[in-house]
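Here is model21.pdb, consisting of PDB, C-alpha atoms:
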```pdb
MODEL        1
ATOM      1  CA  MET A   1      39.576  60.723 -32.896
ATOM      2  CA  ASN A   2      37.747  62.815 -30.351
ATOM      3  CA  ASP A   3      35.035  60.227 -29.822
ATOM      4  CA  MET A   4      34.186  59.645 -26.201
ATOM      5  CA  VAL A   5      31.885  57.108 -24.604
ATOM      6  CA  GLY A   6      28.450  58.647 -24.033
ATOM      7  CA  ILE A   7      26.720  58.567 -20.642
ATOM      8  CA  VAL A   8      23.024  57.931 -20.035
ATOM      9  CA  ILE A   9      21.419  58.465 -16.638
ATOM     10  CA  VAL A  10      18.158  56.613 -15.918
ATOM     11  CA  SER A  11      16.340  57.378 -12.686
ATOM     12  CA  HIS A  12      12.774  56.804 -11.510
ATOM     13  CA  SER A  13      12.707  60.562 -10.930
ATOM     14  CA  LYS A  14      13.324  63.034 -13.719
ATOM     15  CA  ASP A  15      14.605  65.500 -11.119
ATOM     16  CA  ILE A  16      17.251  63.052  -9.902
ATOM     17  CA  ALA A  17      18.246  62.212 -13.477
ATOM     18  CA  LYS A  18      18.538  65.887 -14.398
ATOM     19  CA  GLY A  19      20.371  66.777 -11.191
ATOM     20  CA  THR A  20      22.849  63.970 -11.780
ATOM     21  CA  ALA A  21      23.426  65.143 -15.361
ATOM     22  CA  ASP A  22      23.953  68.706 -14.072
ATOM     23  CA  MET A  23      26.608  67.462 -11.647
ATOM     24  CA  VAL A  24      28.359  65.540 -14.394
ATOM     25  CA  ARG A  25      28.419  68.565 -16.688
ATOM     26  CA  GLN A  26      29.736  70.844 -13.956
ATOM     27  CA  MET A  27      32.440  68.408 -12.836
ATOM     28  CA  VAL A  28      33.456  66.965 -16.181
ATOM     29  CA  GLY A  29      32.456  69.604 -18.708
ATOM     30  CA  ASN A  30      30.498  69.374 -21.896
ATOM     31  CA  GLU A  31      32.752  67.322 -24.126
ATOM     32  CA  VAL A  32      31.229  64.025 -22.983
ATOM     33  CA  LYS A  33      27.693  63.545 -24.273
ATOM     34  CA  VAL A  34      25.313  63.079 -21.358
ATOM     35  CA  ALA A  35      21.630  62.238 -21.762
ATOM     36  CA  PHE A  36      19.144  61.552 -18.997
ATOM     37  CA  CYS A  37      15.584  60.421 -18.494
ATOM     38  CA  GLY A  38      13.230  59.663 -15.645
ATOM     39  CA  GLY A  39       9.561  59.111 -14.986
ATOM     40  CA  ASP A  40       6.963  56.675 -16.262
ATOM     41  CA  PRO A  41       4.930  57.268 -19.462
ATOM     42  CA  ASP A  42       2.409  59.384 -17.491
ATOM     43  CA  GLY A  43       5.105  61.517 -15.886
ATOM     44  CA  GLY A  44       4.939  59.822 -12.458
ATOM     45  CA  LEU A  45       7.892  58.145 -10.749
ATOM     46  CA  GLY A  46       9.132  55.232 -12.835
ATOM     47  CA  THR A  47      11.106  54.446 -15.943
ATOM     48  CA  ASN A  48      10.133  54.212 -19.556
ATOM     49  CA  VAL A  49      11.721  52.115 -22.292
ATOM     50  CA  SER A  50      11.023  54.541 -25.131
ATOM     51  CA  LEU A  51      12.587  57.482 -23.255
ATOM     52  CA  ILE A  52      15.624  55.312 -22.450
ATOM     53  CA  ILE A  53      16.004  54.413 -26.142
ATOM     54  CA  ASP A  54      15.832  58.132 -27.024
ATOM     55  CA  ALA A  55      18.433  58.961 -24.376
ATOM     56  CA  ILE A  56      20.805  56.265 -25.669
ATOM     57  CA  ASN A  57      20.464  57.609 -29.193
ATOM     58  CA  ASN A  58      21.028  61.189 -27.972
ATOM     59  CA  ALA A  59      24.218  60.219 -26.146
ATOM     60  CA  TRP A  60      25.359  57.952 -28.976
ATOM     61  CA  SER A  61      29.044  57.677 -29.764
ATOM     62  CA  PRO A  62      30.865  55.170 -31.977
ATOM     63  CA  LYS A  63      32.730  54.180 -28.796
ATOM     64  CA  GLY A  64      29.476  53.223 -27.119
ATOM     65  CA  VAL A  65      27.258  54.325 -24.252
ATOM     66  CA  ALA A  66      27.391  53.569 -20.529
ATOM     67  CA  ILE A  67      24.078  53.650 -18.648
ATOM     68  CA  LEU A  68      23.800  54.444 -14.937
ATOM     69  CA  VAL A  69      20.562  53.465 -13.188
ATOM     70  CA  ASP A  70      19.019  53.863  -9.746
ATOM     71  CA  LEU A  71      16.627  51.075  -8.662
ATOM     72  CA  GLY A  72      15.516  47.694 -10.062
ATOM     73  CA  GLY A  73      12.971  48.770 -12.671
ATOM     74  CA  ALA A  74      15.436  51.253 -14.153
ATOM     75  CA  GLU A  75      17.888  48.415 -14.720
ATOM     76  CA  THR A  76      15.310  46.012 -16.180
ATOM     77  CA  ASN A  77      13.884  48.691 -18.465
ATOM     78  CA  SER A  78      17.389  49.767 -19.546
ATOM     79  CA  GLU A  79      18.288  46.179 -20.459
ATOM     80  CA  MET A  80      15.049  45.947 -22.417
ATOM     81  CA  ALA A  81      15.811  49.227 -24.187
ATOM     82  CA  VAL A  82      19.265  47.966 -25.201
ATOM     83  CA  GLU A  83      17.705  44.845 -26.738
ATOM     84  CA  MET A  84      15.362  47.028 -28.772
ATOM     85  CA  LEU A  85      18.185  49.046 -30.380
ATOM     86  CA  GLN A  86      19.426  48.281 -33.886
ATOM     87  CA  PRO A  87      21.418  45.016 -33.630
ATOM     88  CA  GLU A  88      24.749  46.672 -34.471
ATOM     89  CA  ARG A  89      24.375  49.063 -31.534
ATOM     90  CA  GLN A  90      23.384  46.510 -28.910
ATOM     91  CA  ASN A  91      26.933  45.352 -28.136
ATOM     92  CA  LEU A  92      28.064  48.930 -27.679
ATOM     93  CA  VAL A  93      25.849  49.734 -24.680
ATOM     94  CA  VAL A  94      26.412  48.594 -21.098
ATOM     95  CA  VAL A  95      24.333  49.024 -17.940
ATOM     96  CA  CYS A  96      26.804  49.716 -15.112
ATOM     97  CA  ASN A  97      26.385  48.132 -11.713
ATOM     98  CA  ALA A  98      27.238  51.324  -9.832
ATOM     99  CA  PRO A  99      25.576  54.009  -7.687
ATOM    100  CA  ILE A 100      23.879  56.468 -10.019
ATOM    101  CA  VAL A 101      25.421  59.813  -9.010
ATOM    102  CA  GLU A 102      28.949  58.710  -8.160
ATOM    103  CA  GLY A 103      28.928  56.224 -11.024
ATOM    104  CA  ALA A 104      27.873  58.845 -13.559
ATOM    105  CA  VAL A 105      30.560  61.293 -12.442
ATOM    106  CA  MET A 106      33.302  58.632 -12.410
ATOM    107  CA  ALA A 107      32.188  57.168 -15.746
ATOM    108  CA  ALA A 108      32.076  60.578 -17.413
ATOM    109  CA  THR A 109      35.495  61.508 -16.002
ATOM    110  CA  GLU A 110      36.939  58.309 -17.424
ATOM    111  CA  ALA A 111      35.114  58.797 -20.734
ATOM    112  CA  ALA A 112      36.541  62.322 -21.026
ATOM    113  CA  SER A 113      40.047  60.886 -21.197
ATOM    114  CA  GLY A 114      39.094  58.906 -24.288
ATOM    115  CA  SER A 115      38.831  55.505 -22.553
ATOM    116  CA  THR A 116      37.047  52.504 -24.018
ATOM    117  CA  LEU A 117      33.554  51.460 -22.975
ATOM    118  CA  GLU A 118      34.965  48.617 -20.869
ATOM    119  CA  GLN A 119      37.340  50.972 -19.067
ATOM    120  CA  VAL A 120      34.520  53.423 -18.378
ATOM    121  CA  ARG A 121      32.350  50.642 -17.016
ATOM    122  CA  ALA A 122      35.169  49.222 -14.876
ATOM    123  CA  VAL A 123      35.848  52.589 -13.241
ATOM    124  CA  ALA A 124      32.152  53.102 -12.439
ATOM    125  CA  GLU A 125      31.794  49.576 -11.082
ATOM    126  CA  GLU A 126      34.838  49.894  -8.807
ATOM    127  CA  LEU A 127      32.522  52.001  -6.660
ATOM    128  CA  SER A 128      30.331  48.994  -5.892
ATOM    129  CA  ALA A 129      33.239  46.608  -5.390
ATOM    130  CA  GLY A 130      33.540  48.091  -1.886
TER     131      GLY A 130
ATOM    132  CA  MET B   1      -9.332  23.469 -33.713
ATOM    133  CA  PRO B   2      -6.380  25.857 -33.421
ATOM    134  CA  LEU B   3      -6.866  29.080 -31.493
ATOM    135  CA  GLN B   4      -8.450  31.656 -33.790
ATOM    136  CA  PRO B   5      -7.479  35.347 -33.805
ATOM    137  CA  GLU B   6     -11.073  36.218 -32.897
ATOM    138  CA  THR B   7     -10.860  34.007 -29.793
ATOM    139  CA  LEU B   8      -7.501  35.504 -28.863
ATOM    140  CA  LYS B   9      -9.024  38.951 -29.130
ATOM    141  CA  SER B  10     -11.767  38.112 -26.670
ATOM    142  CA  LEU B  11      -9.291  36.428 -24.284
ATOM    143  CA  VAL B  12      -6.998  39.443 -24.381
ATOM    144  CA  LYS B  13      -9.920  41.799 -23.825
ATOM    145  CA  ALA B  14     -11.123  39.796 -20.812
ATOM    146  CA  ALA B  15      -7.622  39.586 -19.332
ATOM    147  CA  ALA B  16      -6.933  43.288 -19.834
ATOM    148  CA  GLU B  17     -10.258  44.332 -18.307
ATOM    149  CA  GLN B  18      -9.650  42.100 -15.311
ATOM    150  CA  VAL B  19      -6.175  43.513 -14.711
ATOM    151  CA  ILE B  20      -7.535  47.055 -14.990
ATOM    152  CA  ALA B  21     -10.294  46.220 -12.505
ATOM    153  CA  SER B  22      -7.706  44.753 -10.117
ATOM    154  CA  ALA B  23      -5.476  47.828 -10.171
ATOM    155  CA  PRO B  24      -6.512  49.131  -6.719
ATOM    156  CA  GLU B  25      -5.876  45.719  -5.138
ATOM    157  CA  LEU B  26      -2.465  45.385  -6.866
ATOM    158  CA  THR B  27      -1.509  48.871  -5.730
ATOM    159  CA  ALA B  28      -2.513  48.115  -2.143
ATOM    160  CA  LEU B  29      -0.390  44.941  -2.167
ATOM    161  CA  ASP B  30       2.533  46.840  -3.667
ATOM    162  CA  GLN B  31       2.257  49.629  -1.087
ATOM    163  CA  ALA B  32       2.914  47.022   1.596
ATOM    164  CA  ILE B  33       6.169  45.641   0.190
ATOM    165  CA  GLY B  34       7.072  47.630  -2.939
ATOM    166  CA  ASP B  35       6.723  51.155  -4.214
ATOM    167  CA  GLY B  36       2.972  51.129  -4.692
ATOM    168  CA  ASP B  37       2.891  51.505  -8.456
ATOM    169  CA  HIS B  38       2.128  47.964  -9.641
ATOM    170  CA  GLY B  39      -1.612  48.594 -10.044
ATOM    171  CA  SER B  40      -1.279  51.860 -11.949
ATOM    172  CA  ASN B  41       1.558  50.492 -14.103
ATOM    173  CA  MET B  42      -0.371  47.365 -15.064
ATOM    174  CA  LYS B  43      -3.507  49.418 -15.667
ATOM    175  CA  ARG B  44      -1.659  51.763 -18.025
ATOM    176  CA  GLY B  45      -0.085  48.830 -19.892
ATOM    177  CA  PHE B  46      -3.292  46.884 -20.340
ATOM    178  CA  GLU B  47      -5.256  49.979 -21.315
ATOM    179  CA  ALA B  48      -2.719  50.366 -24.117
ATOM    180  CA  VAL B  49      -3.249  46.690 -25.014
ATOM    181  CA  LEU B  50      -7.002  47.339 -25.188
ATOM    182  CA  GLY B  51      -6.260  50.293 -27.469
ATOM    183  CA  ASN B  52      -4.379  47.917 -29.807
ATOM    184  CA  LEU B  53      -7.062  45.235 -29.692
ATOM    185  CA  ASP B  54      -8.116  45.613 -33.320
ATOM    186  CA  THR B  55      -4.514  45.285 -34.503
ATOM    187  CA  ILE B  56      -4.011  42.269 -32.224
ATOM    188  CA  GLY B  57      -7.169  40.614 -33.559
ATOM    189  CA  ALA B  58      -6.118  41.155 -37.169
ATOM    190  CA  GLN B  59      -2.621  39.695 -36.832
ATOM    191  CA  PRO B  60      -1.430  36.084 -37.078
ATOM    192  CA  LEU B  61      -1.129  34.639 -33.559
ATOM    193  CA  ASP B  62       2.652  34.892 -33.237
ATOM    194  CA  GLU B  63       2.598  38.544 -34.320
ATOM    195  CA  ALA B  64      -0.392  39.264 -32.082
ATOM    196  CA  PHE B  65       1.468  38.031 -28.985
ATOM    197  CA  LYS B  66       4.496  40.108 -29.947
ATOM    198  CA  THR B  67       2.299  43.186 -30.283
ATOM    199  CA  ILE B  68       0.963  42.564 -26.775
ATOM    200  CA  GLY B  69       4.502  42.144 -25.452
ATOM    201  CA  LYS B  70       5.843  45.213 -27.159
ATOM    202  CA  THR B  71       2.884  47.307 -26.000
ATOM    203  CA  LEU B  72       3.501  46.275 -22.381
ATOM    204  CA  VAL B  73       7.245  46.934 -22.641
ATOM    205  CA  MET B  74       6.652  50.428 -23.975
ATOM    206  CA  THR B  75       3.822  51.515 -21.669
ATOM    207  CA  VAL B  76       3.927  49.813 -18.252
ATOM    208  CA  GLY B  77       6.788  51.914 -16.890
ATOM    209  CA  GLY B  78       7.974  49.625 -14.069
ATOM    210  CA  ALA B  79      10.013  46.446 -14.003
ATOM    211  CA  SER B  80       6.777  44.563 -14.673
ATOM    212  CA  GLY B  81       6.742  46.024 -18.217
ATOM    213  CA  PRO B  82       9.842  44.172 -19.423
ATOM    214  CA  LEU B  83       8.880  41.114 -17.334
ATOM    215  CA  TYR B  84       5.347  40.681 -18.698
ATOM    216  CA  GLY B  85       6.491  42.059 -22.058
ATOM    217  CA  SER B  86       9.214  39.419 -22.313
ATOM    218  CA  PHE B  87       6.642  36.740 -21.492
ATOM    219  CA  PHE B  88       4.407  37.700 -24.427
ATOM    220  CA  LEU B  89       7.325  38.384 -26.812
ATOM    221  CA  ALA B  90       8.729  34.911 -26.073
ATOM    222  CA  VAL B  91       5.302  33.313 -26.478
ATOM    223  CA  GLY B  92       5.013  35.016 -29.888
ATOM    224  CA  GLU B  93       8.460  33.743 -30.828
ATOM    225  CA  ALA B  94       7.603  30.214 -29.644
ATOM    226  CA  LEU B  95       4.395  30.163 -31.678
ATOM    227  CA  ARG B  96       6.301  29.984 -34.946
ATOM    228  CA  GLY B  97       5.715  26.418 -35.994
ATOM    229  CA  LYS B  98       3.611  25.595 -32.957
ATOM    230  CA  GLN B  99      -0.102  25.652 -32.356
ATOM    231  CA  LEU B 100      -2.469  26.555 -29.580
ATOM    232  CA  PRO B 101      -3.956  24.843 -27.718
ATOM    233  CA  ASP B 102      -1.976  21.696 -28.653
ATOM    234  CA  ASP B 103       1.432  23.070 -27.702
ATOM    235  CA  LEU B 104       0.148  25.231 -24.847
ATOM    236  CA  ALA B 105       2.543  23.911 -22.184
ATOM    237  CA  ASP B 106       5.610  24.298 -24.441
ATOM    238  CA  VAL B 107       4.638  27.771 -25.547
ATOM    239  CA  PHE B 108       3.745  28.891 -22.002
ATOM    240  CA  GLY B 109       7.067  27.415 -20.850
ATOM    241  CA  CYS B 110       8.979  29.617 -23.288
ATOM    242  CA  GLY B 111       7.191  32.658 -21.865
ATOM    243  CA  VAL B 112       8.002  31.653 -18.291
ATOM    244  CA  GLY B 113      11.634  31.012 -19.242
ATOM    245  CA  ALA B 114      11.892  34.532 -20.641
ATOM    246  CA  VAL B 115      10.533  36.022 -17.390
ATOM    247  CA  SER B 116      13.084  34.037 -15.406
ATOM    248  CA  MET B 117      15.951  35.251 -17.610
ATOM    249  CA  ARG B 118      14.799  38.864 -17.661
ATOM    250  CA  GLY B 119      14.426  39.009 -13.892
ATOM    251  CA  ARG B 120      17.387  36.681 -13.236
ATOM    252  CA  SER B 121      15.017  34.978 -10.843
ATOM    253  CA  GLN B 122      14.010  31.458  -9.820
ATOM    254  CA  ALA B 123      11.178  29.794  -7.931
ATOM    255  CA  GLY B 124      10.742  30.721  -4.269
ATOM    256  CA  GLU B 125      11.921  34.328  -4.511
ATOM    257  CA  LYS B 126       8.457  35.840  -3.995
ATOM    258  CA  THR B 127       7.833  36.958  -7.577
ATOM    259  CA  MET B 128       5.377  36.379 -10.416
ATOM    260  CA  LEU B 129       7.372  33.219 -11.201
ATOM    261  CA  ASP B 130       5.947  31.660  -8.046
ATOM    262  CA  VAL B 131       2.595  31.609  -9.857
ATOM    263  CA  LEU B 132       3.796  31.067 -13.440
ATOM    264  CA  LEU B 133       6.005  28.058 -12.636
ATOM    265  CA  PRO B 134       3.321  26.058 -10.764
ATOM    266  CA  VAL B 135       0.819  26.870 -13.548
ATOM    267  CA  LEU B 136       3.336  25.588 -16.105
ATOM    268  CA  GLU B 137       3.764  22.431 -14.003
ATOM    269  CA  THR B 138      -0.012  21.857 -14.027
ATOM    270  CA  LEU B 139      -0.215  22.490 -17.794
ATOM    271  CA  ARG B 140       2.528  19.901 -18.343
ATOM    272  CA  ALA B 141       1.339  17.267 -15.895
ATOM    273  CA  GLU B 142      -2.428  17.494 -16.325
ATOM    274  CA  ALA B 143      -2.788  18.378 -20.023
ATOM    275  CA  ALA B 144      -5.104  15.438 -20.680
ATOM    276  CA  ARG B 145      -7.499  16.184 -17.821
ATOM    277  CA  PRO B 146     -10.985  17.346 -18.843
ATOM    278  CA  ASP B 147     -11.022  19.690 -15.838
ATOM    279  CA  LEU B 148      -7.687  21.322 -16.770
ATOM    280  CA  ILE B 149      -9.125  24.847 -16.601
ATOM    281  CA  GLU B 150     -10.354  24.304 -13.057
ATOM    282  CA  LEU B 151      -7.001  22.786 -12.052
ATOM    283  CA  VAL B 152      -5.044  25.695 -13.502
ATOM    284  CA  ARG B 153      -7.235  28.203 -11.711
ATOM    285  CA  ALA B 154      -6.813  26.403  -8.394
ATOM    286  CA  THR B 155      -3.056  26.095  -8.930
ATOM    287  CA  ALA B 156      -2.755  29.850  -9.438
ATOM    288  CA  THR B 157      -4.842  30.655  -6.348
ATOM    289  CA  GLU B 158      -2.831  28.313  -4.133
ATOM    290  CA  ALA B 159       0.442  29.573  -5.575
ATOM    291  CA  VAL B 160      -0.382  33.178  -4.657
ATOM    292  CA  ALA B 161      -1.104  32.135  -1.074
ATOM    293  CA  ARG B 162       2.247  30.378  -0.905
ATOM    294  CA  THR B 163       4.072  33.676  -1.584
ATOM    295  CA  VAL B 164       2.895  35.025   1.793
ATOM    296  CA  PRO B 165       5.542  33.287   3.964
ATOM    297  CA  MET B 166       8.285  33.779   1.359
ATOM    298  CA  GLN B 167      11.039  36.330   1.836
ATOM    299  CA  ALA B 168      11.693  38.466  -1.230
ATOM    300  CA  THR B 169      15.198  38.352  -2.634
ATOM    301  CA  LYS B 170      14.405  40.028  -5.968
ATOM    302  CA  GLY B 171      12.871  43.354  -6.864
ATOM    303  CA  ARG B 172      12.027  46.268  -4.622
ATOM    304  CA  ALA B 173      10.561  44.022  -1.927
ATOM    305  CA  SER B 174      14.033  42.546  -1.336
ATOM    306  CA  PHE B 175      15.061  45.816   0.363
ATOM    307  CA  LEU B 176      12.635  44.899   3.129
ATOM    308  CA  GLY B 177      14.386  41.592   3.841
ATOM    309  CA  ALA B 178      12.497  39.649   6.486
ATOM    310  CA  ARG B 179       9.819  42.345   6.603
ATOM    311  CA  SER B 180       8.554  41.160   3.207
ATOM    312  CA  VAL B 181       7.377  37.960   4.919
ATOM    313  CA  GLY B 182       3.646  37.916   5.666
ATOM    314  CA  HIS B 183       2.492  39.726   2.512
ATOM    315  CA  VAL B 184       1.136  38.498  -0.812
ATOM    316  CA  ASP B 185       3.541  39.299  -3.640
ATOM    317  CA  PRO B 186       1.896  41.839  -6.004
ATOM    318  CA  GLY B 187       3.482  40.339  -9.133
ATOM    319  CA  ALA B 188       2.307  36.858  -8.166
ATOM    320  CA  ARG B 189      -1.155  38.292  -7.639
ATOM    321  CA  SER B 190      -1.246  40.053 -11.033
ATOM    322  CA  SER B 191      -0.119  36.828 -12.727
ATOM    323  CA  CYS B 192      -2.957  35.027 -10.958
ATOM    324  CA  VAL B 193      -5.448  37.671 -12.122
ATOM    325  CA  LEU B 194      -4.336  37.128 -15.731
ATOM    326  CA  VAL B 195      -4.446  33.328 -15.466
ATOM    327  CA  HIS B 196      -7.916  33.430 -13.901
ATOM    328  CA  ALA B 197      -9.240  35.868 -16.508
ATOM    329  CA  VAL B 198      -8.081  33.613 -19.351
ATOM    330  CA  CYS B 199      -9.513  30.510 -17.610
ATOM    331  CA  ASN B 200     -12.863  32.187 -16.992
ATOM    332  CA  SER B 201     -13.081  33.484 -20.511
ATOM    333  CA  LEU B 202     -12.248  30.070 -22.008
ATOM    334  CA  GLU B 203     -14.810  28.440 -19.767
ATOM    335  CA  ALA B 204     -17.507  30.901 -20.830
ATOM    336  CA  ARG B 205     -16.855  30.009 -24.459
ATOM    337  CA  GLN B 206     -17.247  26.273 -23.949
TER     338      GLN B 206
ENDMDL
END
```

Show the structure stored in the file as C-alpha cells.
Amino acid sequence: MNDMVGIVIVSHSKDIAKGTADMVRQMVGNEVKVAFCGGDPDGGLGTNVSLIIDAINNAWSPKGVAILVDLGGAETNSEMAVEMLQPERQNLVVVCNAPIVEGAVMAATEAASGSTLEQVRAVAEELSAG
Amino acid sequence: MPLQPETLKSLVKAAAEQVIASAPELTALDQAIGDGDHGSNMKRGFEAVLGNLDTIGAQPLDEAFKTIGKTLVMTVGGASGPLYGSFFLAVGEALRGKQLPDDLADVFGCGVGAVSMRGRSQAGEKTMLDVLLPVLETLRAEAARPDLIELVRATATEAVARTVPMQATKGRASFLGARSVGHVDPGARSSCVLVHAVCNSLEARQ
C-alpha cells in the first residue's frame, strides 16, 4: 500500500550523486527510497555497472525504480545495468531523459504521492520537453 | 580447423596487451575531444580480461567471448564498457551453432550490430562503428582472399583516418559540435588497435 517508486541517481562524480540525493531527501523527505552512485571502479570520475546494479537493488520497490543520470556513459552503463538485473525486474526500471538534479527532485516528489513508474518518469521528463 | 580455445587465449592476450600499451595514445586522443578517460578505462578493462585469461582459455568459445564481454562491462567504467562489452557478449551469443573462422563475418556482424544498438549510432557519426563497419564490409566482401588479414588491417587504418573530418553527433565529443572536426576519434582508434592486434597475432601463427 505504501510502496513508492524508488529513485537512483547515477553521476560520473560521487560527490554530485551524493549531493543530489541529499537535496532530494531534504526536499522530499525519507519516505521515498533514494540510492546513488558515482565514480569508476578505481574511484575516479566515471560510472560503474556493478555499483549501479547495487543502487537499483537498494532503492528497489515493487512499483519500480526511476534512474536519473548525468552524461552519456552514465546512461549507457545504466541501460547495461538494467539488462543485467533478474528478468522479472528489468521491466520495472526506467532511465529518465531528464536533468539529474531537477529530475531527481521532481521524480521523488511525484513518487512520494504514490504515483506509478510511468507517471514518475513523465514528470521528470517534462523538464527536458522545454 | 575451427578456432581452438588455446588460440583464442593467445589472441585475447595479444589484443589486451596492445590495448594496454596504447592507453596513453587513447587518452591523448580523448583529451582532445572527450573527457580524457578512454585510455585508462580501456586499460583497466583489458587488465581485468588478462586476469581472467585462464578462465577464458578453459571455456567453450561462446562462453569465453561472453566472459570477455561481461568483464569489460563490469570494469571499464565509461560508455566504452557497455559498447565493447555488448560486442563480445553478442559475438558469444552468435557463436552458438556457428564456427570460427568459417562464420567470421556473420559472427563479427552480430557484434557490430550490438554496438550500433547499444550506442543508438550509425556509420559516419565519428565513433568506433566507423572502424567496425568497414572491417565487417571487408570480411564479407573479401572472405576468399588469401591476403584477407592484410586487407582487414589496411581497412581499419584507413577507416580511422576517415574519422578525422567527421563531426561527432554521438557521445561526449558531440558537445563540441564542429570543434570535433579535425581529430581522430578515440573509440575508432581503440577498435583499430584491437583489429590490428588480432591480425598481427593471427599472422604470427601462420

Starting from the displayed file, determine the output of the PyMOL selection byres ((chain B) within 12 of (chain A)) and express the residue list as a PyMOL selection string. chain B and resi 34-38+40-45+48+69-86+89+114-115+117-120+169-175

Output for the residues just chosen: C-alpha atoms as a short mmCIF file (atom, residue, chain, number, x, y, z; two decimals), in the coordinates of the input:
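For reference, out-v7.cif as written:
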```cif
data_model
loop_
_atom_site.label_atom_id
_atom_site.label_comp_id
_atom_site.auth_asym_id
_atom_site.auth_seq_id
_atom_site.Cartn_x
_atom_site.Cartn_y
_atom_site.Cartn_z
CA GLY B 34 7.07 47.63 -2.94
CA ASP B 35 6.72 51.16 -4.21
CA GLY B 36 2.97 51.13 -4.69
CA ASP B 37 2.89 51.50 -8.46
CA HIS B 38 2.13 47.96 -9.64
CA SER B 40 -1.28 51.86 -11.95
CA ASN B 41 1.56 50.49 -14.10
CA MET B 42 -0.37 47.36 -15.06
CA LYS B 43 -3.51 49.42 -15.67
CA ARG B 44 -1.66 51.76 -18.02
CA GLY B 45 -0.08 48.83 -19.89
CA ALA B 48 -2.72 50.37 -24.12
CA GLY B 69 4.50 42.14 -25.45
CA LYS B 70 5.84 45.21 -27.16
CA THR B 71 2.88 47.31 -26.00
CA LEU B 72 3.50 46.28 -22.38
CA VAL B 73 7.24 46.93 -22.64
CA MET B 74 6.65 50.43 -23.98
CA THR B 75 3.82 51.52 -21.67
CA VAL B 76 3.93 49.81 -18.25
CA GLY B 77 6.79 51.91 -16.89
CA GLY B 78 7.97 49.62 -14.07
CA ALA B 79 10.01 46.45 -14.00
CA SER B 80 6.78 44.56 -14.67
CA GLY B 81 6.74 46.02 -18.22
CA PRO B 82 9.84 44.17 -19.42
CA LEU B 83 8.88 41.11 -17.33
CA TYR B 84 5.35 40.68 -18.70
CA GLY B 85 6.49 42.06 -22.06
CA SER B 86 9.21 39.42 -22.31
CA LEU B 89 7.32 38.38 -26.81
CA ALA B 114 11.89 34.53 -20.64
CA VAL B 115 10.53 36.02 -17.39
CA MET B 117 15.95 35.25 -17.61
CA ARG B 118 14.80 38.86 -17.66
CA GLY B 119 14.43 39.01 -13.89
CA ARG B 120 17.39 36.68 -13.24
CA THR B 169 15.20 38.35 -2.63
CA LYS B 170 14.40 40.03 -5.97
CA GLY B 171 12.87 43.35 -6.86
CA ARG B 172 12.03 46.27 -4.62
CA ALA B 173 10.56 44.02 -1.93
CA SER B 174 14.03 42.55 -1.34
CA PHE B 175 15.06 45.82 0.36
#
```

For this session: Could you tell me which residues the PyMOL selection byres ((chain B and resi 50) around 10) returns for this structure, as an NGL selection string?
Result: :B and (9 or 12-17 or 44-49 or 51-56 or 68 or 71)

**Asked** Taking (32.0, 54.8, -18.8) in the file's coordinates, which residues come within 6 Å, counting only C-alpha atoms, written as a count of residues only?
**Response** 7

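With distances restricted to only C-alpha atoms, B:Thr155 is the closest residue to B:Leu139 from B:Gln31, B:Thr155, B:Gln122, B:Gln99.
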
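Comparing A:Ile56, A:Lys33, A:Lys63, A:Val101 by their smallest distance to A:Ala17, the closest is A:Val101 (using only C-alpha atoms).
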
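Selection check: the PyMOL selection byres ((chain B and resi 199-204) around 8) on the shown file gives Ser10, Leu11, Ala14, Ile149, Glu150, Val152, Arg153, Val195, His196, Ala197, Val198, Arg205 and Gln206 of chain B.
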
Could you complete stretch 102-113 of chain A so that it carries N, CA and C atoms, and give it back as a PDB file, keeping the file's coordinate frame?
```pdb
ATOM      1  N   GLU A 102      27.500  58.904  -8.156  1.00  0.00           N
ATOM      2  CA  GLU A 102      28.949  58.710  -8.160  1.00  0.00           C
ATOM      3  C   GLU A 102      29.386  57.985  -9.428  1.00  0.00           C
ATOM      4  N   GLY A 103      28.599  57.001  -9.829  1.00  0.00           N
ATOM      5  CA  GLY A 103      28.928  56.224 -11.024  1.00  0.00           C
ATOM      6  C   GLY A 103      28.941  57.094 -12.261  1.00  0.00           C
ATOM      7  N   ALA A 104      27.952  57.983 -12.372  1.00  0.00           N
ATOM      8  CA  ALA A 104      27.873  58.845 -13.559  1.00  0.00           C
ATOM      9  C   ALA A 104      29.074  59.791 -13.613  1.00  0.00           C
ATOM     10  N   VAL A 105      29.429  60.363 -12.466  1.00  0.00           N
ATOM     11  CA  VAL A 105      30.560  61.293 -12.442  1.00  0.00           C
ATOM     12  C   VAL A 105      31.863  60.557 -12.777  1.00  0.00           C
ATOM     13  N   MET A 106      32.074  59.390 -12.154  1.00  0.00           N
ATOM     14  CA  MET A 106      33.302  58.632 -12.410  1.00  0.00           C
ATOM     15  C   MET A 106      33.366  58.168 -13.867  1.00  0.00           C
ATOM     16  N   ALA A 107      32.217  57.672 -14.370  1.00  0.00           N
ATOM     17  CA  ALA A 107      32.188  57.168 -15.746  1.00  0.00           C
ATOM     18  C   ALA A 107      32.481  58.293 -16.730  1.00  0.00           C
ATOM     19  N   ALA A 108      31.874  59.459 -16.486  1.00  0.00           N
ATOM     20  CA  ALA A 108      32.076  60.578 -17.413  1.00  0.00           C
ATOM     21  C   ALA A 108      33.517  61.079 -17.353  1.00  0.00           C
ATOM     22  N   THR A 109      34.102  61.088 -16.140  1.00  0.00           N
ATOM     23  CA  THR A 109      35.495  61.508 -16.002  1.00  0.00           C
ATOM     24  C   THR A 109      36.403  60.585 -16.811  1.00  0.00           C
ATOM     25  N   GLU A 110      36.131  59.295 -16.693  1.00  0.00           N
ATOM     26  CA  GLU A 110      36.939  58.309 -17.424  1.00  0.00           C
ATOM     27  C   GLU A 110      36.715  58.457 -18.934  1.00  0.00           C
ATOM     28  N   ALA A 111      35.436  58.655 -19.308  1.00  0.00           N
ATOM     29  CA  ALA A 111      35.114  58.797 -20.734  1.00  0.00           C
ATOM     30  C   ALA A 111      35.830  60.007 -21.333  1.00  0.00           C
ATOM     31  N   ALA A 112      35.943  61.079 -20.527  1.00  0.00           N
ATOM     32  CA  ALA A 112      36.541  62.322 -21.026  1.00  0.00           C
ATOM     33  C   ALA A 112      38.001  62.126 -21.427  1.00  0.00           C
ATOM     34  N   SER A 113      38.646  61.116 -20.835  1.00  0.00           N
ATOM     35  CA  SER A 113      40.047  60.886 -21.197  1.00  0.00           C
ATOM     36  C   SER A 113      40.170  59.965 -22.406  1.00  0.00           C
TER      37      SER A 113
END
```
